[in-house]
There are 2 protein chains.
Amino acid sequence: MKWHDLNDDACPLARAMGVIGDRWTLLILRECFLGVRRFDGFQKRLGVTRHLLAERLKRLEAMEVLERRPYQERPLRHEYRLTASGKSFAPVLLAMQDWAQHSLPNAEPSPFAFVTRDGGAPVDPVLTDRNSGQELNHRTVLMVPSKSVPGTAFDADLQRLEPKSAGS
Amino acid sequence: MKWHDLNDDACPLARAMGVIGDRWTLLILRECFLGVRRFDGFQKRLGVTRHLLAERLKRLEAMEVLERRPYQERPLRHEYRLTASGKSFAPVLLAMQDWAQHSLPNAEPSPFAFVTRDGGAPVDPVLTDRNSGQELNHRTVLMVPSKSVPGTAFDADLQRLEPKSAGS
DNA sequence: ATTGTTGGTTCTATTTTGGAACTCATTATC
DNA sequence: GATAATGAGTTCCAAAATAGAACCAACAAT
């Protein structure tokens, strides 16, 4: 299975990995949220090669996560800005940073923080259900296959594994 | 900059990318949440090569996201289970799936869903602040550098970019 | 005795990255 | 007026990662 095949995958998570499933893309997005918009800004701050950066920016643009727009003429120069899709990625970034900080070994204090726009107080993120307000985590939510995928070992494998004790 | 250098990076997000910053790891984790625990289960359902799967499982184990434990002797066989860290990754997975489904082009209905354990109702995830209950998104939260990193173009670049109009 | 299952490892070929140098348009400096 | 600097890439080659397939080992089942 090749890299780009993921973009056609039925699973949204798999398609997401086609976009952000590499070492740099998420960090580029982080820089966007920090306010960086220009090629050299990303390049200098991340240390990514110009080659890959150009490639990643192109992909993010193709996926409509970033948009490229001119900020001056003579010489013509473009900057990259988050689109609506890009902005809606904020909660993912936040959840991930929270996870990394609390659950990954060797945690050092983060070089940046998330604060409320009104007041600047640091935030403590929890995922909740919009309707019930209930906290969403591995104890309250269950992931279930919503349809079987014919031709794969999908069902057979799960059927065999689940009965032992529903994987918590 | 090499792959593994990220694991030593100060930024938790960068370290997270050292773990899940590839095409497969997140999908392996998804399978874990669906109840898959064995090598062949992952391999058949994902189509990843056995080579890479072994490598990824080893890394997830090293990062204490998964643990390898024997489920039988004669012949000795091991299964992979989510650790506490692994389980706490659930909100990230949920937020990401939600983002992919709503914000990525070509969205097809997902082959699996997140439902509440009590009742099985589909969930509608929102990230909120544990203290204020306020919704957390690009309009309510701001990402700020919490310290400058000497030797990098960190400050210079941000200083130059931010004044124009705080990147929303 | 042969085949099947589970959980890997090893091998080679192909893709992706990393790193550095080069281009082009335009502005700033000596 | 010549030379350097800026910004945004592109091109080229070497190094690393991934894909795909074959192989191995410990048993169990037929």
# chains A, B, ... in the order shown; residues from 1 in each chain; ligands from 1
call {"tool": "residues_around", "arguments": {"residues": "region 22-33 of chain B", "least_positions_apart": "3", "cutoff": "6 Å", "atoms": "only C-alpha atoms (C1' of nucleotides)", "output": "short mmCIF file (atom, residue, chain, number, x, y, z; two decimals) with C-alpha atoms, in the first residue's frame"}}
result
data_model
loop_
_atom_site.label_atom_id
_atom_site.label_comp_id
_atom_site.auth_asym_id
_atom_site.auth_seq_id
_atom_site.Cartn_x
_atom_site.Cartn_y
_atom_site.Cartn_z
CA MET A 17 -3.15 10.47 7.90
CA GLY A 21 0.72 11.54 8.67
CA ASP A 22 4.30 12.66 8.48
CA VAL B 36 -7.73 -5.77 17.95
#
call {"tool": "select_by_dssp", "arguments": {"residues": "region 53-158 of chain A", "states": "strand (DSSP E)", "output": "list in words"}}
result
Leu66, Glu67, Arg68, Arg69, Pro70, Tyr71, Gln72, Arg77, His78, Glu79, Tyr80, Arg81, Leu82, Phe112, Ala113, Phe114, Val115, Thr116, Pro125, Val126, Leu127, Thr128, Asp129, Val141, Leu142, Met143, Val144 and Pro145 of chain A
call {"tool": "write_last_selection", "arguments": {"atoms": "N, CA and C atoms", "output": "PDB file, in the first residue's frame"}}
result
ATOM      1  N   LEU A  66      -4.696  25.065   4.146  1.00  0.00           N
ATOM      2  CA  LEU A  66      -4.058  26.382   4.054  1.00  0.00           C
ATOM      3  C   LEU A  66      -4.440  27.005   2.715  1.00  0.00           C
ATOM      4  N   GLU A  67      -4.389  28.323   2.664  1.00  0.00           N
ATOM      5  CA  GLU A  67      -4.545  28.953   1.355  1.00  0.00           C
ATOM      6  C   GLU A  67      -3.361  29.873   1.116  1.00  0.00           C
ATOM      7  N   ARG A  68      -2.988  29.967  -0.143  1.00  0.00           N
ATOM      8  CA  ARG A  68      -1.832  30.737  -0.558  1.00  0.00           C
ATOM      9  C   ARG A  68      -2.364  32.016  -1.172  1.00  0.00           C
ATOM     10  N   ARG A  69      -1.944  33.121  -0.609  1.00  0.00           N
ATOM     11  CA  ARG A  69      -2.425  34.385  -1.167  1.00  0.00           C
ATOM     12  C   ARG A  69      -1.306  35.410  -1.237  1.00  0.00           C
ATOM     13  N   PRO A  70      -1.329  36.254  -2.262  1.00  0.00           N
ATOM     14  CA  PRO A  70      -0.268  37.240  -2.419  1.00  0.00           C
ATOM     15  C   PRO A  70      -0.358  38.297  -1.317  1.00  0.00           C
ATOM     16  N   TYR A  71       0.790  38.707  -0.812  1.00  0.00           N
ATOM     17  CA  TYR A  71       0.794  39.776   0.189  1.00  0.00           C
ATOM     18  C   TYR A  71       1.548  40.982  -0.334  1.00  0.00           C
ATOM     19  N   GLN A  72       2.127  40.833  -1.542  1.00  0.00           N
ATOM     20  CA  GLN A  72       2.781  41.964  -2.194  1.00  0.00           C
ATOM     21  C   GLN A  72       3.039  41.612  -3.660  1.00  0.00           C
ATOM     22  N   ARG A  77       4.904  37.944  -3.995  1.00  0.00           N
ATOM     23  CA  ARG A  77       5.174  37.052  -2.867  1.00  0.00           C
ATOM     24  C   ARG A  77       3.868  36.573  -2.289  1.00  0.00           C
ATOM     25  N   HIS A  78       3.888  35.313  -1.826  1.00  0.00           N
ATOM     26  CA  HIS A  78       2.671  34.748  -1.258  1.00  0.00           C
ATOM     27  C   HIS A  78       2.862  34.385   0.196  1.00  0.00           C
ATOM     28  N   GLU A  79       1.778  34.342   0.930  1.00  0.00           N
ATOM     29  CA  GLU A  79       1.853  33.848   2.293  1.00  0.00           C
ATOM     30  C   GLU A  79       0.808  32.757   2.447  1.00  0.00           C
ATOM     31  N   TYR A  80       0.981  31.954   3.475  1.00  0.00           N
ATOM     32  CA  TYR A  80       0.067  30.835   3.708  1.00  0.00           C
ATOM     33  C   TYR A  80      -0.777  31.130   4.929  1.00  0.00           C
ATOM     34  N   ARG A  81      -2.082  30.948   4.768  1.00  0.00           N
ATOM     35  CA  ARG A  81      -2.961  31.204   5.893  1.00  0.00           C
ATOM     36  C   ARG A  81      -3.913  30.035   6.103  1.00  0.00           C
ATOM     37  N   LEU A  82      -4.300  29.861   7.337  1.00  0.00           N
ATOM     38  CA  LEU A  82      -5.248  28.805   7.660  1.00  0.00           C
ATOM     39  C   LEU A  82      -6.594  29.116   7.026  1.00  0.00           C
ATOM     40  N   PHE A 112       5.393  26.490  24.349  1.00  0.00           N
ATOM     41  CA  PHE A 112       4.270  27.388  24.101  1.00  0.00           C
ATOM     42  C   PHE A 112       3.048  26.847  24.817  1.00  0.00           C
ATOM     43  N   ALA A 113       2.056  27.700  25.003  1.00  0.00           N
ATOM     44  CA  ALA A 113       0.877  27.304  25.763  1.00  0.00           C
ATOM     45  C   ALA A 113      -0.393  27.759  25.066  1.00  0.00           C
ATOM     46  N   PHE A 114      -1.474  27.141  25.443  1.00  0.00           N
ATOM     47  CA  PHE A 114      -2.777  27.573  24.959  1.00  0.00           C
ATOM     48  C   PHE A 114      -3.452  28.366  26.066  1.00  0.00           C
ATOM     49  N   VAL A 115      -3.858  29.575  25.729  1.00  0.00           N
ATOM     50  CA  VAL A 115      -4.532  30.411  26.730  1.00  0.00           C
ATOM     51  C   VAL A 115      -5.832  30.949  26.134  1.00  0.00           C
ATOM     52  N   THR A 116      -6.734  31.367  26.998  1.00  0.00           N
ATOM     53  CA  THR A 116      -7.992  31.926  26.497  1.00  0.00           C
ATOM     54  C   THR A 116      -7.705  33.291  25.894  1.00  0.00           C
ATOM     55  N   PRO A 125      -7.971  21.401  28.642  1.00  0.00           N
ATOM     56  CA  PRO A 125      -8.922  20.838  27.691  1.00  0.00           C
ATOM     57  C   PRO A 125      -9.530  19.490  28.084  1.00  0.00           C
ATOM     58  N   VAL A 126     -10.831  19.384  27.901  1.00  0.00           N
ATOM     59  CA  VAL A 126     -11.542  18.109  28.055  1.00  0.00           C
ATOM     60  C   VAL A 126     -12.461  17.965  26.864  1.00  0.00           C
ATOM     61  N   LEU A 127     -12.525  16.800  26.321  1.00  0.00           N
ATOM     62  CA  LEU A 127     -13.455  16.571  25.230  1.00  0.00           C
ATOM     63  C   LEU A 127     -14.796  16.173  25.843  1.00  0.00           C
ATOM     64  N   THR A 128     -15.846  16.845  25.403  1.00  0.00           N
ATOM     65  CA  THR A 128     -17.170  16.527  25.951  1.00  0.00           C
ATOM     66  C   THR A 128     -18.154  16.306  24.814  1.00  0.00           C
ATOM     67  N   ASP A 129     -19.308  15.769  25.177  1.00  0.00           N
ATOM     68  CA  ASP A 129     -20.358  15.573  24.185  1.00  0.00           C
ATOM     69  C   ASP A 129     -21.205  16.842  24.144  1.00  0.00           C
ATOM     70  N   VAL A 141     -16.772   6.386  26.035  1.00  0.00           N
ATOM     71  CA  VAL A 141     -17.088   6.183  24.622  1.00  0.00           C
ATOM     72  C   VAL A 141     -16.593   4.838  24.123  1.00  0.00           C
ATOM     73  N   LEU A 142     -17.299   4.319  23.147  1.00  0.00           N
ATOM     74  CA  LEU A 142     -16.925   3.064  22.541  1.00  0.00           C
ATOM     75  C   LEU A 142     -16.820   3.298  21.045  1.00  0.00           C
ATOM     76  N   MET A 143     -15.818   2.675  20.457  1.00  0.00           N
ATOM     77  CA  MET A 143     -15.659   2.807  19.014  1.00  0.00           C
ATOM     78  C   MET A 143     -16.243   1.551  18.393  1.00  0.00           C
ATOM     79  N   VAL A 144     -17.169   1.726  17.487  1.00  0.00           N
ATOM     80  CA  VAL A 144     -17.779   0.537  16.883  1.00  0.00           C
ATOM     81  C   VAL A 144     -17.747   0.612  15.369  1.00  0.00           C
ATOM     82  N   PRO A 145     -17.535  -0.534  14.732  1.00  0.00           N
ATOM     83  CA  PRO A 145     -17.582  -0.564  13.273  1.00  0.00           C
ATOM     84  C   PRO A 145     -19.017  -0.304  12.846  1.00  0.00           C
TER      85      PRO A 145
END
call {"tool": "closest_atom_pairs", "arguments": {"of": "chain A", "to": "chain C", "cutoff": "12 Å", "atoms": "only C-alpha atoms (C1' of nucleotides)", "output": "JSON lines"}}
result
{"residue": "A:Met1", "atom": "CA", "partner": "C:DT15", "partner_atom": "C1'", "distance": 11.8}
{"residue": "A:Lys2", "atom": "CA", "partner": "C:DT15", "partner_atom": "C1'", "distance": 9.0}
{"residue": "A:Trp3", "atom": "CA", "partner": "C:DT15", "partner_atom": "C1'", "distance": 9.1}
{"residue": "A:His4", "atom": "CA", "partner": "C:DT15", "partner_atom": "C1'", "distance": 11.5}
{"residue": "A:Asp22", "atom": "CA", "partner": "C:DT16", "partner_atom": "C1'", "distance": 10.6}
{"residue": "A:Arg23", "atom": "CA", "partner": "C:DT17", "partner_atom": "C1'", "distance": 10.5}
{"residue": "A:Trp24", "atom": "CA", "partner": "C:DT17", "partner_atom": "C1'", "distance": 11.3}
{"residue": "A:Gly47", "atom": "CA", "partner": "C:DG18", "partner_atom": "C1'", "distance": 10.8}
{"residue": "A:Val48", "atom": "CA", "partner": "C:DG18", "partner_atom": "C1'", "distance": 8.8}
{"residue": "A:Thr49", "atom": "CA", "partner": "C:DG18", "partner_atom": "C1'", "distance": 7.0}
{"residue": "A:Arg50", "atom": "CA", "partner": "C:DG19", "partner_atom": "C1'", "distance": 9.8}
{"residue": "A:His51", "atom": "CA", "partner": "C:DG18", "partner_atom": "C1'", "distance": 9.2}
{"residue": "A:Leu52", "atom": "CA", "partner": "C:DT17", "partner_atom": "C1'", "distance": 7.9}
{"residue": "A:Leu53", "atom": "CA", "partner": "C:DT17", "partner_atom": "C1'", "distance": 11.3}
{"residue": "A:Glu55", "atom": "CA", "partner": "C:DT17", "partner_atom": "C1'", "distance": 11.6}
{"residue": "A:Gln72", "atom": "CA", "partner": "C:DT26", "partner_atom": "C1'", "distance": 11.9}
{"residue": "A:Glu73", "atom": "CA", "partner": "C:DT26", "partner_atom": "C1'", "distance": 10.2}
{"residue": "A:Arg74", "atom": "CA", "partner": "C:DT26", "partner_atom": "C1'", "distance": 6.8}
{"residue": "A:Pro75", "atom": "CA", "partner": "C:DT26", "partner_atom": "C1'", "distance": 5.8}
{"residue": "A:Leu76", "atom": "CA", "partner": "C:DA25", "partner_atom": "C1'", "distance": 8.5}
{"residue": "A:Arg77", "atom": "CA", "partner": "C:DA25", "partner_atom": "C1'", "distance": 10.3}
call {"tool": "interface_residues", "arguments": {"of": "chain D", "to": "chain A", "cutoff": "9 Å", "atoms": "only C-alpha atoms (C1' of nucleotides)", "output": "ChimeraX atom specification"}}
result
/D:7-10,18-19
call {"tool": "residues_around", "arguments": {"residues": "Pro109 (chain A)", "least_positions_apart": "4", "cutoff": "10 Å", "atoms": "only C-alpha atoms (C1' of nucleotides)", "output": "NGL selection string"}}
result
(:A and (101 or 113)) or (:B and (10-12 or 146-147))
call {"tool": "select_by_dssp", "arguments": {"residues": "region 70-132 of chain B", "states": "alpha helix (DSSP H)", "output": "PDB file with C-alpha atoms, in the first residue's frame"}}
result
ATOM      1  CA  ALA B  84      -3.116   4.082  30.504  1.00  0.00           C
ATOM      2  CA  SER B  85      -1.254   6.449  28.158  1.00  0.00           C
ATOM      3  CA  GLY B  86      -2.689   4.642  25.196  1.00  0.00           C
ATOM      4  CA  LYS B  87      -6.209   4.864  26.517  1.00  0.00           C
ATOM      5  CA  ALA B  90      -8.908   8.388  22.831  1.00  0.00           C
ATOM      6  CA  PRO B  91      -9.910  12.062  22.804  1.00  0.00           C
ATOM      7  CA  VAL B  92      -7.219  12.858  20.244  1.00  0.00           C
ATOM      8  CA  LEU B  93      -8.458  10.087  17.986  1.00  0.00           C
ATOM      9  CA  LEU B  94     -12.000  11.284  18.411  1.00  0.00           C
ATOM     10  CA  ALA B  95     -11.166  14.906  17.706  1.00  0.00           C
ATOM     11  CA  MET B  96      -9.157  13.926  14.677  1.00  0.00           C
ATOM     12  CA  GLN B  97     -11.838  11.719  13.218  1.00  0.00           C
ATOM     13  CA  ASP B  98     -14.360  14.471  13.744  1.00  0.00           C
ATOM     14  CA  TRP B  99     -12.094  16.971  11.998  1.00  0.00           C
ATOM     15  CA  ALA B 100     -11.373  14.649   9.093  1.00  0.00           C
ATOM     16  CA  GLN B 101     -15.033  13.927   8.582  1.00  0.00           C
ATOM     17  CA  HIS B 102     -16.175  17.525   8.643  1.00  0.00           C
ATOM     18  CA  SER B 103     -13.236  19.371   7.159  1.00  0.00           C
TER      19      SER B 103
END
call {"tool": "closest_residue", "arguments": {"among": "A:Phe42, A:Asn137, A:Glu61, A:Asp9", "to": "chain B", "atoms": "only C-alpha atoms"}}
result
A:Asn137
call {"tool": "atom_distance", "arguments": {"atom1": "CA of Leu13 (chain A)", "atom2": "CA of Pro111 (chain B)"}}
result
10.0 Å
call {"tool": "closest_residue", "arguments": {"among": "B:Pro122, B:His138, B:Ala62, B:Thr83", "to": "chain A", "atoms": "only C-alpha atoms"}}
result
B:His138
call {"tool": "decode", "arguments": {"residues": "chain C", "atoms": "C-alpha atoms (C1' of nucleotides)", "output": "short mmCIF file (atom, residue, chain, number, x, y, z; two decimals), in the first residue's frame"}}
result
data_model
loop_
_atom_site.label_atom_id
_atom_site.label_comp_id
_atom_site.auth_asym_id
_atom_site.auth_seq_id
_atom_site.Cartn_x
_atom_site.Cartn_y
_atom_site.Cartn_z
"C1'" DA C 1 3.97 -36.38 7.05
"C1'" DT C 2 1.90 -32.38 5.57
"C1'" DT C 3 -0.56 -28.26 6.31
"C1'" DG C 4 -2.03 -24.34 9.15
"C1'" DT C 5 -1.51 -20.66 12.68
"C1'" DT C 6 0.86 -17.02 14.99
"C1'" DG C 7 4.46 -13.88 15.31
"C1'" DG C 8 7.94 -12.48 13.70
"C1'" DT C 9 12.84 -11.61 10.65
"C1'" DT C 10 15.51 -11.02 6.37
"C1'" DC C 11 16.12 -9.61 1.76
"C1'" DT C 12 15.91 -6.51 -2.22
"C1'" DA C 13 13.72 -2.80 -4.83
"C1'" DT C 14 11.29 1.48 -4.63
"C1'" DT C 15 10.01 5.83 -2.36
"C1'" DT C 16 10.75 9.46 0.70
"C1'" DT C 17 13.76 12.37 3.04
"C1'" DG C 18 17.84 15.19 4.09
"C1'" DG C 19 21.19 18.51 2.75
"C1'" DA C 20 23.21 21.52 -0.03
"C1'" DA C 21 23.51 24.30 -4.03
"C1'" DC C 22 21.22 26.95 -7.62
"C1'" DT C 23 17.62 30.18 -9.76
"C1'" DC C 24 14.99 34.38 -10.29
"C1'" DA C 25 13.09 38.89 -9.28
"C1'" DT C 26 13.72 42.78 -6.76
"C1'" DT C 27 15.57 45.77 -3.17
"C1'" DA C 28 19.34 47.48 -0.27
"C1'" DT C 29 24.17 48.58 0.43
"C1'" DC C 30 29.03 49.84 -0.68
#
